[in-house]
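Taking it in order: structure first as structure tokens, then the write-up.
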Amino acid sequence: MSSELLEAEVALRLGDENRAAQLYEAARVDADSPAALARVQLGLGRLALRRDEIAESIELLEEAIRSGELAPGDASAAANALGRGYVMQSRYDEAFAIFDRFLDGARVRGDRFDEVRFSVLLANAY
């Protein structure tokens, strides 16, 4: 993981959105693999969701998930944010589908945390 990407994630968690945006953009330029680019898209998507830039967030998160390059934990974080974005746009069928898909995946992996996470997200979406 690049230092910009790590710093961007820390800045986002600390609420420094402007710094996170700068660092994610630098990490996008320096991305040396599809996996690195997917992580940048995840971060930028979460940042856009925080800024109520829902359409942009959805686009970035869909690309990150579609790439197939995210580790399971990152893919779950992307699905969580993507589903929330869908709900914010009243795109409930798409939210149900993403939450249900990741709930099924969690059951297959035996990941109890994600199983609970996506069960709650699915219930809240309903």
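Residues are named by chain letter and number: chains run A, B, ... in the order of the structure tokens, numbers start at 1 in each chain, and ligands are numbered from 1 in the order shown.
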Residues of range 32-78 of chain A that approach range 109-126 of chain A to 10 Å or less, counting only C-alpha atoms: could you list each one with the shortest pair of atoms and its distance in Å to one decimal, rows by chain and increasing residue number, as JSON lines?
{"residue": "A:Pro72", "atom": "CA", "partner": "A:Arg109", "partner_atom": "CA", "distance": 9.7}
{"residue": "A:Gly73", "atom": "CA", "partner": "A:Asp114", "partner_atom": "CA", "distance": 8.8}
{"residue": "A:Ser76", "atom": "CA", "partner": "A:Asp114", "partner_atom": "CA", "distance": 7.4}
{"residue": "A:Ala77", "atom": "CA", "partner": "A:Asp114", "partner_atom": "CA", "distance": 9.6}
Just-selected residues, all heavy atoms written as a PDB file, in the first residue's frame:
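This is the output file result.pdb:
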ATOM      1  N   PRO A  72     -11.438  -9.114   0.860  1.00  0.00           N
ATOM      2  CA  PRO A  72     -12.794  -9.283   1.396  1.00  0.00           C
ATOM      3  C   PRO A  72     -13.250  -8.172   2.341  1.00  0.00           C
ATOM      4  O   PRO A  72     -14.381  -7.688   2.228  1.00  0.00           O
ATOM      5  CB  PRO A  72     -12.726 -10.632   2.109  1.00  0.00           C
ATOM      6  CG  PRO A  72     -11.688 -11.390   1.360  1.00  0.00           C
ATOM      7  CD  PRO A  72     -10.662 -10.347   0.967  1.00  0.00           C
ATOM      8  N   GLY A  73     -12.404  -7.721   3.234  1.00  0.00           N
ATOM      9  CA  GLY A  73     -12.790  -6.655   4.163  1.00  0.00           C
ATOM     10  C   GLY A  73     -13.058  -5.339   3.453  1.00  0.00           C
ATOM     11  O   GLY A  73     -14.021  -4.624   3.778  1.00  0.00           O
ATOM     12  N   SER A  76     -16.310  -5.626   1.505  1.00  0.00           N
ATOM     13  CA  SER A  76     -17.456  -5.458   2.400  1.00  0.00           C
ATOM     14  C   SER A  76     -17.680  -3.993   2.744  1.00  0.00           C
ATOM     15  O   SER A  76     -18.822  -3.527   2.774  1.00  0.00           O
ATOM     16  CB  SER A  76     -17.244  -6.266   3.687  1.00  0.00           C
ATOM     17  OG  SER A  76     -17.288  -7.641   3.412  1.00  0.00           O
ATOM     18  N   ALA A  77     -16.604  -3.260   2.972  1.00  0.00           N
ATOM     19  CA  ALA A  77     -16.727  -1.824   3.257  1.00  0.00           C
ATOM     20  C   ALA A  77     -17.307  -1.096   2.056  1.00  0.00           C
ATOM     21  O   ALA A  77     -18.149  -0.197   2.198  1.00  0.00           O
ATOM     22  CB  ALA A  77     -15.361  -1.239   3.634  1.00  0.00           C
TER      23      ALA A  77
END
Range 81-98 of chain A: which residues within 8 Å, counting only C-alpha atoms, same-chain residues fewer than 6 positions away excluded, as number ranges by chain? A: 45-46, 49, 54-55, 57-58, 61-62, 122, 125-126
May I have the residues within 9 Å of Glu4 in chain A as a short mmCIF file (atom, residue, chain, number, x, y, z; two decimals) with N, CA and C atoms, in the first residue's frame, using only C-alpha atoms and disregarding those fewer than 6 positions away in the same chain?
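Okay, part24.cif is ready:
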data_model
loop_
_atom_site.label_atom_id
_atom_site.label_comp_id
_atom_site.auth_asym_id
_atom_site.auth_seq_id
_atom_site.Cartn_x
_atom_site.Cartn_y
_atom_site.Cartn_z
N GLN A 22 -6.92 15.14 -1.32
CA GLN A 22 -5.61 15.39 -1.94
C GLN A 22 -4.78 14.11 -1.99
N LEU A 23 -4.76 13.40 -0.89
CA LEU A 23 -3.95 12.19 -0.80
C LEU A 23 -4.49 11.07 -1.68
N TYR A 24 -5.82 10.92 -1.72
CA TYR A 24 -6.41 9.91 -2.60
C TYR A 24 -6.11 10.21 -4.06
N GLU A 25 -6.16 11.48 -4.44
CA GLU A 25 -5.85 11.84 -5.82
C GLU A 25 -4.38 11.55 -6.13
N ALA A 26 -3.49 11.82 -5.20
CA ALA A 26 -2.08 11.49 -5.40
C ALA A 26 -1.89 9.98 -5.51
N ALA A 27 -2.63 9.23 -4.69
CA ALA A 27 -2.54 7.77 -4.73
C ALA A 27 -3.11 7.23 -6.04
N ASP A 30 -0.44 7.54 -8.59
CA ASP A 30 0.66 6.61 -8.34
C ASP A 30 0.24 5.14 -8.32
#
task: Would you please extract all helix (DSSP H, G or I) residues from chain A, as assigned by DSSP on the backbone, and give them as a VMD selection string?
output: chain A and resid 3 to 13 17 to 30 34 to 50 54 to 67 72 to 88 92 to 109 112 to 125
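The shortest atom-to-atom distance to Ala71 in chain A, with only C-alpha atoms taken into account, belongs to A:Ala38 out of A:Ala38, A:Glu56, A:Asp32, A:Asn18.
Using only C-alpha atoms, the smallest distance between any of A:Val108, A:Ala36, A:Leu44, A:Ala31 and Ala78 in chain A comes from A:Leu44.
Between Arg28 in chain A and the candidates A:Ala75, A:Leu12, A:Leu5, A:Leu103, the tightest atom-to-atom separation, counting only C-alpha atoms, involves A:Leu5.
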Restricting to only C-alpha atoms, whichever of A:Ala20, A:Leu70, A:Val40, A:Ile65 is closest to Arg101 in chain A is A:Ile65
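Among A:Arg107, A:Pro34, A:Leu42, A:Arg13, the residue with the shortest atom-to-atom distance to Asp74 in chain A, counting only C-alpha atoms, is A:Leu42.
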